[in-house]
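The file input.cif comes next; it holds mmCIF, C-alpha atoms.
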```
data_coords
loop_
_atom_site.group_PDB
_atom_site.id
_atom_site.type_symbol
_atom_site.label_atom_id
_atom_site.label_comp_id
_atom_site.auth_asym_id
_atom_site.auth_seq_id
_atom_site.Cartn_x
_atom_site.Cartn_y
_atom_site.Cartn_z
ATOM 1 C CA MET A 12 130.793 129.773 59.266
ATOM 2 C CA LEU A 13 134.319 129.926 57.976
ATOM 3 C CA LEU A 14 136.199 126.743 57.180
ATOM 4 C CA ASP A 15 139.969 126.614 57.341
ATOM 5 C CA GLY A 16 141.314 124.874 54.254
ATOM 6 C CA GLN A 17 139.962 124.107 50.848
ATOM 7 C CA GLY A 18 137.818 121.560 49.038
ATOM 8 C CA GLU A 19 134.411 122.876 50.067
ATOM 9 C CA ASP A 20 133.015 122.242 46.571
ATOM 10 C CA ALA A 21 133.382 118.499 47.187
ATOM 11 C CA LEU A 22 130.914 118.790 50.091
ATOM 12 C CA VAL A 23 128.007 119.731 47.784
ATOM 13 C CA GLY A 24 125.464 116.908 47.824
ATOM 14 C CA SER A 25 126.567 115.573 51.200
ATOM 15 C CA GLU A 26 125.398 115.727 54.777
ATOM 16 C CA VAL A 27 127.876 117.031 57.352
ATOM 17 C CA THR A 28 127.948 117.614 61.085
ATOM 18 C CA LEU A 29 129.234 120.696 62.834
ATOM 19 C CA GLY A 30 129.083 120.591 66.603
ATOM 20 C CA GLY A 31 125.621 119.236 67.378
ATOM 21 C CA ALA A 32 124.096 120.414 64.098
ATOM 22 C CA VAL A 33 123.545 118.423 60.918
ATOM 23 C CA LEU A 34 123.715 120.267 57.591
ATOM 24 C CA ASP A 35 122.645 119.275 54.086
ATOM 25 C CA VAL A 36 125.185 120.949 51.778
ATOM 26 C CA SER A 37 123.057 121.807 48.783
ATOM 27 C CA MET A 38 124.860 124.182 46.433
ATOM 28 C CA ARG A 39 127.825 126.280 45.386
ATOM 29 C CA MET A 40 127.128 129.973 45.770
ATOM 30 C CA GLU A 41 127.958 132.681 43.266
ATOM 31 C CA ARG A 42 129.757 135.745 44.554
ATOM 32 C CA CYS A 43 128.302 139.161 43.869
ATOM 33 C CA VAL A 44 129.565 142.689 43.365
ATOM 34 C CA MET A 45 129.940 143.112 47.145
ATOM 35 C CA THR A 46 133.372 141.480 46.855
ATOM 36 C CA THR A 47 134.565 144.572 44.976
ATOM 37 C CA ARG A 48 133.467 147.147 47.571
ATOM 38 C CA PRO A 49 135.947 149.047 49.736
ATOM 39 C CA GLN A 50 136.461 147.568 53.210
ATOM 40 C CA PRO A 51 137.309 149.126 56.569
ATOM 41 C CA GLY A 52 140.986 149.279 57.364
ATOM 42 C CA GLY A 53 142.115 150.797 54.093
ATOM 43 C CA ILE A 54 141.156 148.140 51.530
ATOM 44 C CA GLU A 55 140.156 150.073 48.420
ATOM 45 C CA ARG A 56 137.566 149.096 45.801
ATOM 46 C CA ASP A 57 139.044 146.318 43.633
ATOM 47 C CA LEU A 58 137.169 145.041 40.576
ATOM 48 C CA ASP A 59 139.828 142.380 40.012
ATOM 49 C CA VAL A 60 138.566 140.417 43.027
ATOM 50 C CA LEU A 61 135.316 139.440 41.302
ATOM 51 C CA ARG A 62 137.045 138.957 37.951
ATOM 52 C CA THR A 63 139.474 136.506 39.560
ATOM 53 C CA ILE A 64 136.663 134.595 41.264
ATOM 54 C CA ALA A 65 134.812 134.388 37.938
ATOM 55 C CA ARG A 66 137.891 133.210 36.050
ATOM 56 C CA GLU A 67 139.310 130.766 38.587
ATOM 57 C CA ARG A 68 136.189 129.535 40.409
ATOM 58 C CA ASP A 69 133.399 129.778 37.814
ATOM 59 C CA ALA A 70 132.070 132.816 39.782
ATOM 60 C CA CYS A 71 131.439 130.643 42.875
ATOM 61 C CA LEU A 72 133.251 131.090 46.167
ATOM 62 C CA ALA A 73 131.169 129.541 48.936
ATOM 63 C CA ILE A 74 128.746 126.723 49.582
ATOM 64 C CA GLY A 75 125.210 126.814 50.910
ATOM 65 C CA ALA A 76 123.642 124.393 53.347
ATOM 66 C CA LEU A 77 120.331 123.817 55.074
ATOM 67 C CA VAL A 78 120.211 122.928 58.752
ATOM 68 C CA THR A 79 118.391 119.578 58.969
ATOM 69 C CA GLN A 80 119.030 119.092 62.683
ATOM 70 C CA ALA A 81 119.586 122.050 64.966
ATOM 71 C CA GLY A 82 122.384 121.897 67.486
ATOM 72 C CA THR A 83 124.966 123.964 69.300
ATOM 73 C CA VAL A 84 127.981 125.047 67.249
ATOM 74 C CA ARG A 85 131.046 126.470 68.974
ATOM 75 C CA VAL A 86 134.204 128.150 67.740
ATOM 76 C CA GLY A 87 136.707 125.416 66.964
ATOM 77 C CA ASP A 88 134.147 122.667 66.193
ATOM 78 C CA GLU A 89 135.336 120.437 63.377
ATOM 79 C CA LEU A 90 133.301 119.579 60.299
ATOM 80 C CA GLY A 91 132.498 115.894 60.111
ATOM 81 C CA ALA A 92 130.810 113.377 57.829
ATOM 82 C CA GLY A 93 127.063 113.147 58.397
#
```

For this file, write the structure as C-alpha cells.
Amino acid sequence: MLLDGQGEDALVGSEVTLGGAVLDVSMRMERCVMTTRPQPGGIERDLDVLRTIARERDACLAIGALVTQAGTVRVGDELGAG
C-alpha cells in the first residue's frame, strides 16, 4: 500500500487498521539496489537515489507489517489506530 504523507517510522511497534484489516507494524525496511535501476518512461539509472536514502533515512524507506486480522481494503481507505 502507499500512504500519502510522512511519519511512517512512528508507526513501527503499533497496531493499525486499514479498511477491515488489522496490521501489526513490525519494522522499518531497508531499500535495495532496485531503487537505482532504470524505470519505464525515460527514468535513467541513478545511483544517487540509494545514496540519498542511505544518508537521509539510514538506508530505510518503508515499513513492514503483518496482517493480524484479514479484511477488505479499498482504494481511499484511511489508516487508523488499532

Exercise. Determine, counting only C-alpha atoms, every residue of protein, DNA or RNA that lies within 8 Å of (130.7, 116.3, 52.6) in the file coordinates, then give the result as a ChimeraX atom specification.
Key: /A:19,21-27,36,91-93

Using only C-alpha atoms, please write the residues we just selected to a file, as a short mmCIF file (atom, residue, chain, number, x, y, z; two decimals), in the frame of the given file.
```cif
data_model
loop_
_atom_site.label_atom_id
_atom_site.label_comp_id
_atom_site.auth_asym_id
_atom_site.auth_seq_id
_atom_site.Cartn_x
_atom_site.Cartn_y
_atom_site.Cartn_z
CA GLU A 19 134.41 122.88 50.07
CA ALA A 21 133.38 118.50 47.19
CA LEU A 22 130.91 118.79 50.09
CA VAL A 23 128.01 119.73 47.78
CA GLY A 24 125.46 116.91 47.82
CA SER A 25 126.57 115.57 51.20
CA GLU A 26 125.40 115.73 54.78
CA VAL A 27 127.88 117.03 57.35
CA VAL A 36 125.18 120.95 51.78
CA GLY A 91 132.50 115.89 60.11
CA ALA A 92 130.81 113.38 57.83
CA GLY A 93 127.06 113.15 58.40
#
```

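Interatomic distance, CA of Leu29 (chain A) to CA of Gly75 (chain A): 14.0 Å.
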
Quiz item: Between A:Glu89, A:Asp69, A:Asp59, A:Asp15, which has the minimum distance to Glu41 (chain A) (counting only C-alpha atoms)?
Solution: A:Asp69

Residue contacts of Ala73 (chain A) (10 Å, only C-alpha atoms) excluding same-chain residues fewer than 4 positions away, as an mmCIF file with C-alpha atoms, in the coordinates of the input:
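Below is the file out39.cif, written as the result:
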```cif
data_model
loop_
_atom_site.group_PDB
_atom_site.id
_atom_site.type_symbol
_atom_site.label_atom_id
_atom_site.label_comp_id
_atom_site.auth_asym_id
_atom_site.auth_seq_id
_atom_site.Cartn_x
_atom_site.Cartn_y
_atom_site.Cartn_z
ATOM 1 C CA LEU A 13 134.319 129.926 57.976
ATOM 2 C CA GLU A 19 134.411 122.876 50.067
ATOM 3 C CA ASP A 20 133.015 122.242 46.571
ATOM 4 C CA MET A 38 124.860 124.182 46.433
ATOM 5 C CA ARG A 39 127.825 126.280 45.386
ATOM 6 C CA MET A 40 127.128 129.973 45.770
ATOM 7 C CA GLU A 41 127.958 132.681 43.266
ATOM 8 C CA ARG A 42 129.757 135.745 44.554
ATOM 9 C CA ARG A 68 136.189 129.535 40.409
#
```

Quiz prompt | Residue IDs satisfying the PyMOL selection byres ((chain A and resi 32) around 8), as a ChimeraX atom specification | solution = /A:28-31,33-34,78-84

Self-check item: Pick from A:Arg62, A:Gln17, A:Ser37, A:Ile54 nearest to Ala76 (chain A), counting only C-alpha atoms
Solution: A:Ser37

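CA of Ile74 (chain A) lies 10.5 Å from CA of Gly18 (chain A).
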
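The coordinates place CA of Val60 (chain A) at 19.4 Å from CA of Gly16 (chain A).
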
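Among the candidates A:Gly52, A:Met12, A:Arg85, A:Val44, the residue lying nearest to Ala65 (chain A) is A:Val44 (atoms considered: only C-alpha atoms).
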
Output region 64-90 of chain A as a compact mmCIF listing (two decimals), in the coordinates of the input, making sure N, CA and C atoms are there.
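Result file is out_31.txt:
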```
# COMPACT_ATOMS: atom_id res chain seq x y z
N ILE A 64 137.60 135.64 40.83
CA ILE A 64 136.66 134.60 41.26
C ILE A 64 135.94 134.01 40.06
N ALA A 65 135.51 134.86 39.15
CA ALA A 65 134.81 134.39 37.94
C ALA A 65 135.72 133.50 37.09
N ARG A 66 136.95 133.93 36.91
CA ARG A 66 137.89 133.21 36.05
C ARG A 66 138.34 131.89 36.69
N GLU A 67 138.70 131.93 37.95
CA GLU A 67 139.31 130.77 38.59
C GLU A 67 138.34 129.84 39.30
N ARG A 68 137.13 130.34 39.62
CA ARG A 68 136.19 129.54 40.41
C ARG A 68 134.80 129.51 39.80
N ASP A 69 134.70 129.80 38.50
CA ASP A 69 133.40 129.78 37.81
C ASP A 69 132.38 130.67 38.53
N ALA A 70 132.86 131.80 39.07
CA ALA A 70 132.07 132.82 39.78
C ALA A 70 131.55 132.36 41.14
N CYS A 71 131.92 131.17 41.59
CA CYS A 71 131.44 130.64 42.88
C CYS A 71 132.57 130.63 43.90
N LEU A 72 132.25 131.09 45.11
CA LEU A 72 133.25 131.09 46.17
C LEU A 72 132.55 130.96 47.51
N ALA A 73 131.84 129.88 47.68
CA ALA A 73 131.17 129.54 48.94
C ALA A 73 130.25 128.35 48.65
N ILE A 74 129.75 127.77 49.72
CA ILE A 74 128.75 126.72 49.58
C ILE A 74 127.57 127.07 50.48
N GLY A 75 126.41 126.58 50.12
CA GLY A 75 125.21 126.81 50.91
C GLY A 75 124.70 125.51 51.48
N ALA A 76 124.16 125.59 52.69
CA ALA A 76 123.64 124.39 53.35
C ALA A 76 122.37 124.72 54.11
N LEU A 77 121.54 123.72 54.26
CA LEU A 77 120.33 123.82 55.07
C LEU A 77 120.55 123.05 56.36
N VAL A 78 120.11 123.62 57.47
CA VAL A 78 120.21 122.93 58.75
C VAL A 78 119.08 121.91 58.82
N THR A 79 119.41 120.62 58.88
CA THR A 79 118.39 119.58 58.97
C THR A 79 118.19 119.10 60.40
N GLN A 80 119.17 119.39 61.25
CA GLN A 80 119.03 119.09 62.68
C GLN A 80 119.74 120.19 63.44
N ALA A 81 118.99 120.95 64.20
CA ALA A 81 119.59 122.05 64.97
C ALA A 81 120.48 121.51 66.08
N GLY A 82 121.49 122.27 66.40
CA GLY A 82 122.38 121.90 67.49
C GLY A 82 123.34 123.04 67.78
N THR A 83 124.02 122.94 68.89
CA THR A 83 124.97 123.96 69.30
C THR A 83 126.25 123.84 68.49
N VAL A 84 126.72 124.98 67.98
CA VAL A 84 127.98 125.05 67.25
C VAL A 84 128.86 126.04 67.99
N ARG A 85 130.10 125.62 68.24
CA ARG A 85 131.05 126.47 68.97
C ARG A 85 132.28 126.74 68.12
N VAL A 86 132.94 127.85 68.40
CA VAL A 86 134.20 128.15 67.74
C VAL A 86 135.15 126.98 67.96
N GLY A 87 135.76 126.52 66.89
CA GLY A 87 136.71 125.42 66.96
C GLY A 87 136.10 124.06 66.67
N ASP A 88 134.77 123.94 66.56
CA ASP A 88 134.15 122.67 66.19
C ASP A 88 134.65 122.24 64.82
N GLU A 89 134.87 120.95 64.65
CA GLU A 89 135.34 120.44 63.38
C GLU A 89 134.17 119.91 62.56
N LEU A 90 134.29 120.08 61.23
CA LEU A 90 133.30 119.58 60.30
C LEU A 90 133.48 118.08 60.16
```
